[in-house]
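Structure file protein_3.cif with mmCIF, C-alpha atoms:
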data_run
loop_
_atom_site.label_atom_id
_atom_site.label_comp_id
_atom_site.auth_asym_id
_atom_site.auth_seq_id
_atom_site.Cartn_x
_atom_site.Cartn_y
_atom_site.Cartn_z
CA MET J 438 6.69 -3.30 22.00
CA SER J 439 9.10 -0.65 23.26
CA PHE J 440 12.43 0.89 22.34
CA PRO J 441 14.73 -0.20 25.20
CA GLY J 442 17.26 2.51 25.94
CA LEU J 443 15.42 4.98 23.73
CA TYR J 444 12.02 5.33 25.31
CA SER J 445 11.25 4.51 28.92
CA GLU J 446 7.47 4.25 28.82
CA GLU J 447 5.37 1.42 27.45
CA PRO J 448 3.75 2.55 24.17
CA GLU J 449 0.01 3.08 23.95
CA ILE J 450 -1.60 0.36 21.84
CA PHE J 451 -4.66 1.12 19.71
CA GLU J 452 -6.87 -1.84 18.87
CA SER J 453 -8.83 -1.68 15.64
CA PRO J 454 -12.62 -2.08 15.71
CA LEU J 455 -13.96 -5.31 14.21
CA LYS J 456 -14.75 -3.89 10.77
CA THR J 457 -11.08 -2.95 10.24
CA GLU J 458 -10.17 -6.62 9.90
CA TYR J 459 -10.86 -6.42 6.19
CA ARG J 460 -7.86 -5.77 3.94
CA ASN J 461 -8.48 -3.67 0.84
CA LYS J 462 -5.88 -5.43 -1.30
CA MET J 463 -4.85 -9.05 -1.92
CA GLU J 464 -2.31 -10.50 -4.34
CA TYR J 465 -2.83 -14.11 -5.41
CA THR J 466 -0.64 -16.43 -7.48
CA PHE J 467 -1.70 -18.93 -10.16
CA ALA J 468 -0.08 -22.32 -9.47
CA ASP J 469 -1.00 -25.82 -8.31
CA MET J 470 -1.51 -27.03 -4.75
CA TYR J 471 0.49 -30.16 -5.50
CA LYS J 472 2.04 -31.72 -8.58
CA ASP J 473 -0.47 -32.15 -11.43
CA SER J 474 -3.38 -30.81 -9.39
CA PRO J 475 -5.98 -28.53 -11.05
CA ILE J 476 -4.86 -24.92 -11.37
CA MET J 477 -5.35 -22.90 -8.19
CA LEU J 478 -5.33 -19.23 -7.32
CA GLY J 479 -4.04 -18.71 -3.81
CA MET J 480 -1.19 -17.66 -1.54
CA HIS J 481 2.29 -19.18 -1.40
CA LYS J 482 2.98 -21.60 1.42
CA LYS J 483 5.47 -20.28 3.95
CA ASN J 484 9.01 -21.05 2.81
CA ARG J 485 7.74 -22.86 -0.29
CA PHE J 486 8.46 -21.60 -3.81
CA TYR J 487 6.15 -23.65 -6.00
CA GLU J 488 2.83 -24.58 -4.36
CA VAL J 489 0.05 -22.27 -3.25
CA VAL J 490 -2.58 -22.63 -0.54
CA ASP J 491 -6.30 -22.34 -1.23
CA THR J 492 -7.51 -19.26 0.69
CA LYS J 493 -11.12 -20.38 0.89
CA GLU J 494 -13.12 -18.51 3.56
CA CYS J 495 -10.24 -16.16 4.34
CA ASN J 496 -11.06 -14.04 7.41
CA LEU J 497 -8.99 -11.08 6.26
CA VAL J 498 -11.07 -10.03 3.26
CA HIS J 499 -14.59 -9.06 2.27
CA ARG J 500 -16.65 -11.94 0.85
CA ASP J 501 -16.50 -10.32 -2.60
CA PHE J 502 -12.82 -11.27 -2.80
CA GLU J 503 -13.77 -14.94 -2.60
CA ILE J 504 -16.55 -14.61 -5.16
CA ILE J 505 -14.15 -12.97 -7.63
CA ARG J 506 -11.36 -15.46 -6.93
CA ASN J 507 -13.65 -18.45 -7.35
CA GLY J 508 -15.12 -17.01 -10.54
CA ILE J 509 -11.65 -16.63 -12.01
CA ILE J 510 -10.61 -20.14 -10.97
CA ASP J 511 -13.64 -21.56 -12.78
CA PHE J 512 -12.93 -19.34 -15.80
CA VAL J 513 -9.29 -20.40 -16.27
CA ARG J 514 -10.07 -24.09 -15.64
CA GLU J 515 -12.89 -24.05 -18.19
CA LYS J 516 -10.61 -22.49 -20.79
CA ASN J 517 -7.70 -24.72 -19.77
CA LEU J 518 -5.33 -21.78 -19.44
CA PRO J 519 -1.79 -22.66 -18.27
CA PHE J 520 -0.01 -20.93 -15.40
CA VAL J 521 3.66 -19.98 -15.60
CA LYS J 522 5.91 -22.84 -14.55
CA LYS J 523 8.81 -21.52 -12.52
CA ARG J 524 11.26 -24.11 -13.79
CA ASN J 525 11.03 -23.12 -17.47
CA HIS J 526 9.07 -19.82 -17.28
CA GLU J 527 6.50 -21.07 -19.78
CA GLY J 528 2.78 -20.40 -19.47
CA LEU J 529 0.26 -17.55 -19.46
CA LEU J 530 -1.21 -16.87 -16.01
CA ARG J 531 0.87 -15.28 -13.25
CA HIS J 532 -0.98 -13.26 -10.61
CA LEU J 533 -4.28 -11.68 -9.63
CA ILE J 534 -4.54 -8.47 -7.62
CA ILE J 535 -7.86 -7.35 -6.17
CA ARG J 536 -8.21 -3.86 -4.71
CA TYR J 537 -11.39 -2.96 -2.83
CA ALA J 538 -12.25 0.59 -1.75
CA LEU J 539 -14.13 -0.31 1.41
CA THR J 540 -15.52 3.19 1.97
CA THR J 541 -17.11 3.36 -1.50
CA GLY J 542 -17.52 -0.30 -2.51
CA GLU J 543 -15.50 0.21 -5.70
CA ILE J 544 -13.46 -2.79 -6.88
CA MET J 545 -10.44 -3.11 -9.16
CA VAL J 546 -9.48 -6.51 -10.62
CA ASN J 547 -5.99 -6.77 -12.09
CA ILE J 548 -4.94 -10.00 -13.83
CA VAL J 549 -1.24 -10.43 -14.63
CA THR J 550 -0.16 -12.64 -17.53
CA THR J 551 2.76 -13.15 -19.87
CA THR J 552 2.49 -12.40 -23.58
CA GLN J 553 3.29 -15.98 -24.60
CA SER J 554 -0.27 -16.57 -25.82
CA GLU J 555 -3.49 -14.62 -26.31
CA PHE J 556 -5.65 -13.78 -23.33
CA ASP J 557 -9.39 -13.51 -24.05
CA ARG J 558 -10.04 -10.15 -22.43
CA LYS J 559 -13.68 -9.83 -23.53
CA SER J 560 -14.75 -13.16 -22.04
CA PHE J 561 -12.84 -12.33 -18.86
CA VAL J 562 -14.59 -8.97 -18.50
CA ASP J 563 -18.01 -10.48 -19.25
CA MET J 564 -17.47 -13.18 -16.61
CA LEU J 565 -16.46 -10.66 -13.93
CA LEU J 566 -19.35 -8.30 -14.66
CA GLY J 567 -21.74 -11.23 -14.36
CA LEU J 568 -20.74 -12.00 -10.75
CA LYS J 569 -23.17 -11.10 -7.98
CA LEU J 570 -21.20 -8.85 -5.66
CA GLU J 571 -21.96 -6.51 -2.81
CA GLY J 572 -19.53 -3.96 -4.24
CA ASN J 573 -19.17 -2.70 -7.80
CA ILE J 574 -16.38 -3.50 -10.23
CA LYS J 575 -15.23 -0.12 -11.53
CA SER J 576 -11.91 -1.12 -13.08
CA ILE J 577 -10.54 -4.25 -14.77
CA VAL J 578 -6.86 -4.26 -15.64
CA HIS J 579 -4.72 -6.62 -17.70
CA THR J 580 -1.04 -6.30 -16.77
CA GLU J 581 1.52 -7.88 -19.10
CA ASN J 582 4.66 -9.18 -17.41
CA ASP J 583 7.34 -11.29 -19.10
CA SER J 584 9.91 -10.75 -16.37
CA LEU J 585 11.72 -13.82 -15.03
CA ALA J 586 11.22 -12.61 -11.46
CA ASP J 587 8.45 -14.20 -9.41
CA ALA J 588 6.93 -10.80 -8.78
CA VAL J 589 4.42 -8.48 -10.39
CA VAL J 590 6.44 -6.32 -12.77
CA PRO J 591 4.03 -3.98 -14.64
CA GLU J 592 5.75 -3.95 -18.02
CA LYS J 593 2.51 -2.93 -19.74
CA ILE J 594 -0.78 -1.94 -18.11
CA ASN J 595 -4.01 -2.23 -20.12
CA ILE J 596 -7.30 -0.87 -18.79
CA ILE J 597 -9.80 -3.29 -20.32
CA PHE J 598 -12.91 -2.06 -18.50
CA GLY J 599 -13.88 1.11 -16.66
CA LYS J 600 -11.49 3.58 -15.10
CA GLU J 601 -7.79 3.46 -14.32
CA TYR J 602 -8.49 3.95 -10.62
CA ILE J 603 -10.95 3.36 -7.81
CA THR J 604 -11.86 5.96 -5.20
CA GLU J 605 -11.36 5.66 -1.45
CA LYS J 606 -12.58 8.23 1.09
CA ILE J 607 -10.81 9.32 4.26
CA PHE J 608 -12.39 12.06 6.35
CA ASP J 609 -13.88 14.47 3.77
CA LEU J 610 -11.28 13.76 1.09
CA LYS J 611 -11.33 11.45 -1.92
CA PHE J 612 -8.26 9.52 -3.07
CA LYS J 613 -7.62 7.84 -6.40
CA VAL J 614 -6.12 4.37 -5.99
CA THR J 615 -4.40 3.20 -9.18
CA PRO J 616 -3.25 -0.35 -10.01
CA PHE J 617 0.23 -0.12 -8.48
CA SER J 618 0.15 2.86 -6.14
CA PHE J 619 0.57 2.34 -2.40
CA PHE J 620 -2.45 2.80 -0.19
CA GLN J 621 -2.84 1.63 3.39
CA PRO J 622 -4.24 -1.93 3.21
CA ASN J 623 -6.66 -1.33 6.09
CA VAL J 624 -8.60 1.87 5.42
CA PHE J 625 -10.64 2.05 8.63
CA GLY J 626 -7.54 1.34 10.67
CA ALA J 627 -5.74 3.97 8.57
CA ILE J 628 -8.29 6.58 9.63
CA ASN J 629 -7.34 5.92 13.28
CA LEU J 630 -3.65 5.91 12.37
CA TYR J 631 -3.77 9.17 10.42
CA SER J 632 -5.86 10.90 13.08
CA LYS J 633 -3.14 10.21 15.63
CA ALA J 634 -0.38 11.23 13.18
CA ILE J 635 -2.04 14.60 12.56
CA GLU J 636 -2.48 15.10 16.29
CA LEU J 637 1.24 14.43 16.87
CA CYS J 638 2.18 16.99 14.21
CA GLY J 639 0.91 19.64 16.62
CA ASP J 640 -0.07 23.15 15.56
CA ILE J 641 0.70 23.24 11.83
CA GLU J 642 -1.12 26.41 10.87
CA ASN J 643 1.22 28.68 8.89
CA LYS J 644 3.81 25.89 8.81
CA VAL J 645 5.50 24.00 5.98
CA VAL J 646 5.27 20.20 6.06
CA PHE J 647 7.27 17.63 4.09
CA ASP J 648 5.43 14.35 3.43
CA LEU J 649 8.19 11.86 2.54
CA TYR J 650 7.47 8.50 0.91
CA SER J 651 4.05 10.00 0.33
CA GLY J 652 2.40 7.24 -1.74
CA THR J 653 -0.91 8.53 -3.10
CA GLY J 654 -0.61 11.63 -0.92
CA THR J 655 -3.08 10.59 1.74
CA ILE J 656 -1.30 12.04 4.76
CA GLY J 657 -0.11 15.10 2.87
CA GLN J 658 -3.60 16.05 1.75
CA ILE J 659 -5.05 15.56 5.21
CA VAL J 660 -2.32 17.77 6.65
CA ALA J 661 -2.81 20.36 3.89
CA ARG J 662 -6.24 21.22 5.24
CA LYS J 663 -4.49 23.12 8.05
CA ALA J 664 -0.85 23.65 6.99
CA LYS J 665 0.55 26.60 5.08
CA ALA J 666 2.11 24.31 2.46
CA VAL J 667 2.81 20.60 1.97
CA TYR J 668 5.43 19.02 -0.29
CA GLY J 669 5.29 15.28 -0.87
CA ILE J 670 8.01 13.11 -2.38
CA GLU J 671 7.32 9.63 -3.76
CA ILE J 672 9.35 7.46 -6.13
CA VAL J 673 6.36 5.80 -7.85
CA GLU J 674 5.30 8.17 -10.65
CA GLU J 675 1.85 6.59 -10.94
CA ALA J 676 1.18 7.35 -7.26
CA VAL J 677 2.37 10.95 -7.63
CA GLU J 678 0.10 11.54 -10.62
CA SER J 679 -2.79 10.14 -8.61
CA ALA J 680 -1.90 12.31 -5.60
CA ASN J 681 -1.79 15.53 -7.61
CA LYS J 682 -5.09 14.71 -9.33
CA SER J 683 -6.74 13.93 -6.00
CA ALA J 684 -5.41 17.15 -4.47
CA LYS J 685 -6.87 19.17 -7.33
CA GLU J 686 -10.25 17.46 -7.08
CA ASN J 687 -10.22 17.92 -3.29
CA GLY J 688 -9.73 21.66 -3.81
CA LEU J 689 -6.29 21.73 -2.17
CA THR J 690 -4.04 24.35 -3.71
CA ASN J 691 -1.30 24.32 -1.07
CA CYS J 692 0.15 20.84 -1.62
CA THR J 693 2.49 19.57 -4.31
CA PHE J 694 3.66 16.03 -4.90
CA ILE J 695 6.98 15.33 -6.62
CA ALA J 696 8.06 12.12 -8.34
CA GLY J 697 11.54 11.04 -7.35
CA ASP J 698 13.80 9.42 -4.79
CA VAL J 699 13.76 11.13 -1.39
CA LEU J 700 17.58 10.85 -1.37
CA GLU J 701 17.78 13.09 -4.44
CA GLU J 702 14.64 15.22 -4.40
CA ILE J 703 14.85 16.49 -0.83
CA GLU J 704 17.89 18.55 -1.82
CA ASN J 705 15.76 20.39 -4.37
CA ARG J 706 13.38 21.67 -1.70
CA LYS J 707 14.49 25.16 -0.75
CA GLU J 708 11.64 25.84 1.65
CA MET J 709 12.28 26.07 5.40
CA VAL J 710 10.43 23.04 6.73
CA ASP J 711 8.75 22.96 10.14
CA VAL J 712 7.38 19.40 10.28
CA ILE J 713 8.43 16.23 8.48
CA VAL J 714 6.17 13.20 8.20
CA VAL J 715 7.91 10.01 7.00
CA ASP J 716 6.20 6.75 6.12
CA PRO J 717 8.92 4.64 4.47
CA PRO J 718 8.68 1.04 3.20
CA ARG J 719 9.54 -1.91 5.44
CA ASP J 720 13.28 -1.45 4.89
CA GLY J 721 13.09 1.92 6.61
CA ILE J 722 14.91 5.05 5.48
CA ASN J 723 18.06 4.80 3.39
CA GLN J 724 20.80 6.03 5.71
CA LYS J 725 22.11 8.62 3.25
CA ALA J 726 18.56 9.87 2.77
CA LEU J 727 18.17 10.02 6.55
CA GLU J 728 21.23 12.28 6.78
CA LYS J 729 19.65 14.65 4.26
CA ILE J 730 16.32 14.58 6.10
CA ILE J 731 18.09 15.51 9.32
CA SER J 732 19.91 18.36 7.56
CA CYS J 733 16.54 19.95 6.70
CA GLY J 734 16.40 21.13 10.31
CA ALA J 735 12.74 20.37 11.02
CA LYS J 736 11.89 20.73 14.69
CA THR J 737 9.21 18.04 14.59
CA MET J 738 9.26 14.66 12.90
CA VAL J 739 6.47 12.08 12.84
CA TYR J 740 7.78 8.67 11.81
CA ILE J 741 5.17 6.12 10.71
CA SER J 742 6.36 2.56 10.18
CA CYS J 743 5.06 -0.91 9.39
CA ASN J 744 8.35 -2.41 10.63
CA PRO J 745 9.27 -1.39 14.21
CA LYS J 746 12.70 -3.02 13.81
CA THR J 747 13.89 -0.64 11.08
CA GLN J 748 12.04 2.23 12.73
CA LYS J 749 14.05 1.67 15.91
CA ARG J 750 17.29 1.72 13.90
CA ASP J 751 16.39 5.04 12.27
CA VAL J 752 15.11 6.58 15.51
CA GLN J 753 18.46 5.81 17.13
CA VAL J 754 20.19 7.83 14.41
CA LEU J 755 17.75 10.70 14.87
CA ILE J 756 18.40 10.74 18.62
CA GLU J 757 22.15 10.81 17.99
CA ASN J 758 21.52 13.91 15.88
CA GLY J 759 19.68 15.93 18.48
CA TYR J 760 16.11 14.64 18.36
CA GLU J 761 14.27 13.38 21.41
CA LEU J 762 11.77 10.55 21.22
CA LYS J 763 8.65 11.97 22.85
CA THR J 764 5.92 9.47 22.07
CA LEU J 765 5.47 5.99 20.63
CA LYS J 766 2.04 4.70 19.58
CA ILE J 767 1.26 1.19 18.33
CA PHE J 768 -1.71 0.38 16.07
CA ASN J 769 -3.11 -3.09 15.51
CA GLN J 770 -3.48 -2.24 11.84
CA PHE J 771 -3.43 -5.86 10.68
CA PRO J 772 -5.75 -7.94 12.91
CA ARG J 773 -5.16 -11.73 12.97
CA THR J 774 -1.52 -11.22 11.95
CA VAL J 775 1.76 -10.59 13.79
CA HIS J 776 2.20 -7.19 12.12
CA CYS J 777 1.52 -3.74 13.51
CA GLU J 778 1.97 -0.08 12.62
CA ALA J 779 3.96 2.27 14.86
CA ILE J 780 4.12 6.07 15.09
CA ALA J 781 7.00 7.83 16.78
CA LEU J 782 7.04 11.55 17.58
CA LEU J 783 10.52 13.10 17.65
CA GLN J 784 11.30 16.71 18.46
CA LYS J 785 14.40 18.87 18.49
CA GLU J 786 14.80 21.71 20.94
CA GLU J 787 15.05 25.23 19.56
CA SER J 788 18.71 26.22 19.08
#
Show me this structure written as structure tokens.
Amino acid sequence: MSFPGLYSEEPEIFESPLKTEYRNKMEYTFADMYKDSPIMLGMHKKNRFYEVVDTKECNLVHRDFEIIRNGIIDFVREKNLPFVKKRNHEGLLRHLIIRYALTTGEIMVNIVTTTQSEFDRKSFVDMLLGLKLEGNIKSIVHTENDSLADAVVPEKINIIFGKEYITEKIFDLKFKVTPFSFFQPNVFGAINLYSKAIELCGDIENKVVFDLYSGTGTIGQIVARKAKAVYGIEIVEEAVESANKSAKENGLTNCTFIAGDVLEEIENRKEMVDVIVVDPPRDGINQKALEKIISCGAKTMVYISCNPKTQKRDVQVLIENGYELKTLKIFNQFPRTVHCEAIALLQKEES
């Protein structure tokens, strides 16, 4: 991949080592594989709204995912629990989310149901704790969602066993991963990704860094080990709470994470910023927010993206506003898929 017209060189591509093939999060849907088949817990077929595919022996996840998924399938079939029918929105079971901290072996199981009937939480917890796993279940969550949307809407989150988070480790730092906070889905690949991002930031001693779309504050806290100060902005309040708690436990007193929209909150930052790190969602940066980011006047910007198409669009705007694209790095962050992660280094000459 390259940015024709923006960057003349072919980007350096970083391949992930074999162990990075494991994802640390999967979201499954309760449905049937075909009309009137036994209930299944799997992934939606491409371009199909109703049926799901059995993900037996999936190559993207640790074997514990399959043990948990199979245990839950047996559990709901035995109890004859109904899944939500999309035509009339009636039923109990909706989704299952498994999060696995691959550096610590901690597991979070999050089952999503409606409130149309009772869900036997105790039996569910007992079943999960009886499974023979390589990792350890540290958190079991019951999320209630009566939304009509075919998506996980956390209307009410109930911690029915253990903690409200699991812990992942990157470098010498610990990060709390909560039920709905963003965390890179490939932690070992993320270590490679973040190492390169920090390298591209350059000399950050005695400098102020903005970490925008900061998620659980992973990049910001890594940067804070060397920077003068770090300010992170993230719209998901749960992620910001987790980031601030992690920063405190990691002994970092020079980083602060703020809950809010980058478009609005960046105007409240009065500090002179030297380096901006952005890691937006797949849609890229809102164009009005991008204008405000540019107005901050940072000389260095490191743009991390899981969607090179929107990254290219935003980089074009940055170039039109005085930045020069210096480097583009590609990471095979998602082995066995068509997706990748890209890092662009942009710099503005001193005025």
Could you list, as a VMD selection string, every residue within 8 Å of Gly657 of chain J, counting all atoms listed in the file and ignoring same-chain residues fewer than 2 positions away? chain J and resid 647 to 648 651 654 to 655 659 to 661 667 to 669 692
I need the residue set behind the PyMOL selection byres ((chain J and resi 742) around 9) for this file; please write it as a PyMOL selection string. chain J and resi 715-719+721+740-741+743-745+747-748+777-781
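Minimum distance to Arg531 of chain J across J:Ala680, J:Val590, J:Leu630, J:Val498 (counting all atoms listed in the file) occurs at J:Val590.
Among the candidate residues J:Val589, J:Leu566, J:Ile509, J:Ile607, the one lying nearest to Ala627 of chain J is J:Ile607, with distances computed using only C-alpha atoms.
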On this file, the PyMOL selection byres ((chain J and resi 619) around 6) gives some set of residues; write that set as a list in words.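 That selection, the PyMOL selection byres ((chain J and resi 619) around 6), comes back as Ser618, Phe620 and Gly652 of chain J.
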Selected segment 668-679 of chain J, written as a PDB file, in the first residue's frame, all heavy atoms:
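The result, stored in decode.pdb:
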ATOM      1  N   TYR J 668      -1.836  14.591  27.519  1.00  0.00           N
ATOM      2  CA  TYR J 668      -3.264  14.808  27.687  1.00  0.00           C
ATOM      3  C   TYR J 668      -3.996  13.944  26.665  1.00  0.00           C
ATOM      4  O   TYR J 668      -3.773  14.076  25.461  1.00  0.00           O
ATOM      5  CB  TYR J 668      -3.625  16.282  27.488  1.00  0.00           C
ATOM      6  CG  TYR J 668      -2.970  17.192  28.503  1.00  0.00           C
ATOM      7  CD1 TYR J 668      -1.737  17.784  28.234  1.00  0.00           C
ATOM      8  CD2 TYR J 668      -3.571  17.442  29.730  1.00  0.00           C
ATOM      9  CE1 TYR J 668      -1.116  18.603  29.176  1.00  0.00           C
ATOM     10  CE2 TYR J 668      -2.959  18.254  30.680  1.00  0.00           C
ATOM     11  CZ  TYR J 668      -1.729  18.828  30.387  1.00  0.00           C
ATOM     12  OH  TYR J 668      -1.122  19.640  31.323  1.00  0.00           O
ATOM     13  N   GLY J 669      -4.837  13.045  27.163  1.00  0.00           N
ATOM     14  CA  GLY J 669      -5.587  12.162  26.279  1.00  0.00           C
ATOM     15  C   GLY J 669      -7.053  12.567  26.234  1.00  0.00           C
ATOM     16  O   GLY J 669      -7.614  12.993  27.246  1.00  0.00           O
ATOM     17  N   ILE J 670      -7.666  12.426  25.073  1.00  0.00           N
ATOM     18  CA  ILE J 670      -9.091  12.718  24.916  1.00  0.00           C
ATOM     19  C   ILE J 670      -9.767  11.509  24.292  1.00  0.00           C
ATOM     20  O   ILE J 670      -9.310  10.986  23.263  1.00  0.00           O
ATOM     21  CB  ILE J 670      -9.327  13.962  24.039  1.00  0.00           C
ATOM     22  CG1 ILE J 670      -8.646  15.189  24.645  1.00  0.00           C
ATOM     23  CG2 ILE J 670     -10.821  14.220  23.863  1.00  0.00           C
ATOM     24  CD1 ILE J 670      -8.743  16.446  23.778  1.00  0.00           C
ATOM     25  N   GLU J 671     -10.848  11.063  24.919  1.00  0.00           N
ATOM     26  CA  GLU J 671     -11.584   9.873  24.476  1.00  0.00           C
ATOM     27  C   GLU J 671     -13.057  10.070  24.806  1.00  0.00           C
ATOM     28  O   GLU J 671     -13.399  10.527  25.906  1.00  0.00           O
ATOM     29  CB  GLU J 671     -11.027   8.629  25.164  1.00  0.00           C
ATOM     30  CG  GLU J 671     -11.869   7.394  25.062  1.00  0.00           C
ATOM     31  CD  GLU J 671     -12.084   6.928  23.630  1.00  0.00           C
ATOM     32  OE1 GLU J 671     -11.093   6.894  22.859  1.00  0.00           O
ATOM     33  OE2 GLU J 671     -13.241   6.611  23.291  1.00  0.00           O
ATOM     34  N   ILE J 672     -13.933   9.692  23.884  1.00  0.00           N
ATOM     35  CA  ILE J 672     -15.365   9.937  24.067  1.00  0.00           C
ATOM     36  C   ILE J 672     -16.040   8.899  24.966  1.00  0.00           C
ATOM     37  O   ILE J 672     -17.083   9.170  25.564  1.00  0.00           O
ATOM     38  CB  ILE J 672     -16.075  10.010  22.695  1.00  0.00           C
ATOM     39  CG1 ILE J 672     -17.430  10.715  22.842  1.00  0.00           C
ATOM     40  CG2 ILE J 672     -16.214   8.627  22.075  1.00  0.00           C
ATOM     41  CD1 ILE J 672     -18.063  11.106  21.525  1.00  0.00           C
ATOM     42  N   VAL J 673     -15.451   7.722  25.110  1.00  0.00           N
ATOM     43  CA  VAL J 673     -16.045   6.659  25.926  1.00  0.00           C
ATOM     44  C   VAL J 673     -15.619   6.861  27.382  1.00  0.00           C
ATOM     45  O   VAL J 673     -14.450   6.665  27.736  1.00  0.00           O
ATOM     46  CB  VAL J 673     -15.624   5.263  25.428  1.00  0.00           C
ATOM     47  CG1 VAL J 673     -16.249   4.172  26.299  1.00  0.00           C
ATOM     48  CG2 VAL J 673     -16.027   5.070  23.970  1.00  0.00           C
ATOM     49  N   GLU J 674     -16.572   7.239  28.225  1.00  0.00           N
ATOM     50  CA  GLU J 674     -16.258   7.560  29.620  1.00  0.00           C
ATOM     51  C   GLU J 674     -15.658   6.363  30.357  1.00  0.00           C
ATOM     52  O   GLU J 674     -14.749   6.515  31.181  1.00  0.00           O
ATOM     53  CB  GLU J 674     -17.514   8.047  30.338  1.00  0.00           C
ATOM     54  CG  GLU J 674     -18.003   9.408  29.864  1.00  0.00           C
ATOM     55  CD  GLU J 674     -19.134   9.935  30.718  1.00  0.00           C
ATOM     56  OE1 GLU J 674     -19.354   9.379  31.813  1.00  0.00           O
ATOM     57  OE2 GLU J 674     -19.789  10.897  30.286  1.00  0.00           O
ATOM     58  N   GLU J 675     -16.182   5.189  30.082  1.00  0.00           N
ATOM     59  CA  GLU J 675     -15.675   3.968  30.728  1.00  0.00           C
ATOM     60  C   GLU J 675     -14.188   3.783  30.449  1.00  0.00           C
ATOM     61  O   GLU J 675     -13.412   3.421  31.333  1.00  0.00           O
ATOM     62  CB  GLU J 675     -16.470   2.774  30.209  1.00  0.00           C
ATOM     63  CG  GLU J 675     -16.007   1.425  30.723  1.00  0.00           C
ATOM     64  CD  GLU J 675     -16.698   0.279  30.005  1.00  0.00           C
ATOM     65  OE1 GLU J 675     -17.899   0.394  29.697  1.00  0.00           O
ATOM     66  OE2 GLU J 675     -16.031  -0.731  29.749  1.00  0.00           O
ATOM     67  N   ALA J 676     -13.777   4.047  29.210  1.00  0.00           N
ATOM     68  CA  ALA J 676     -12.370   3.908  28.832  1.00  0.00           C
ATOM     69  C   ALA J 676     -11.509   4.953  29.535  1.00  0.00           C
ATOM     70  O   ALA J 676     -10.387   4.662  29.958  1.00  0.00           O
ATOM     71  CB  ALA J 676     -12.222   4.032  27.318  1.00  0.00           C
ATOM     72  N   VAL J 677     -12.029   6.162  29.664  1.00  0.00           N
ATOM     73  CA  VAL J 677     -11.276   7.241  30.322  1.00  0.00           C
ATOM     74  C   VAL J 677     -11.082   6.931  31.806  1.00  0.00           C
ATOM     75  O   VAL J 677      -9.989   7.121  32.352  1.00  0.00           O
ATOM     76  CB  VAL J 677     -11.999   8.584  30.146  1.00  0.00           C
ATOM     77  CG1 VAL J 677     -11.338   9.677  30.972  1.00  0.00           C
ATOM     78  CG2 VAL J 677     -12.009   8.974  28.668  1.00  0.00           C
ATOM     79  N   GLU J 678     -12.125   6.442  32.460  1.00  0.00           N
ATOM     80  CA  GLU J 678     -12.003   6.056  33.866  1.00  0.00           C
ATOM     81  C   GLU J 678     -10.938   4.982  34.019  1.00  0.00           C
ATOM     82  O   GLU J 678     -10.112   5.024  34.938  1.00  0.00           O
ATOM     83  CB  GLU J 678     -13.345   5.544  34.380  1.00  0.00           C
ATOM     84  CG  GLU J 678     -14.420   6.626  34.495  1.00  0.00           C
ATOM     85  CD  GLU J 678     -15.772   6.047  34.895  1.00  0.00           C
ATOM     86  OE1 GLU J 678     -15.827   4.837  35.175  1.00  0.00           O
ATOM     87  OE2 GLU J 678     -16.758   6.807  34.914  1.00  0.00           O
ATOM     88  N   SER J 679     -10.958   4.011  33.113  1.00  0.00           N
ATOM     89  CA  SER J 679      -9.968   2.939  33.151  1.00  0.00           C
ATOM     90  C   SER J 679      -8.566   3.485  32.929  1.00  0.00           C
ATOM     91  O   SER J 679      -7.615   3.093  33.614  1.00  0.00           O
ATOM     92  CB  SER J 679     -10.310   1.898  32.086  1.00  0.00           C
ATOM     93  OG  SER J 679      -9.336   0.878  32.040  1.00  0.00           O
TER      94      SER J 679
END
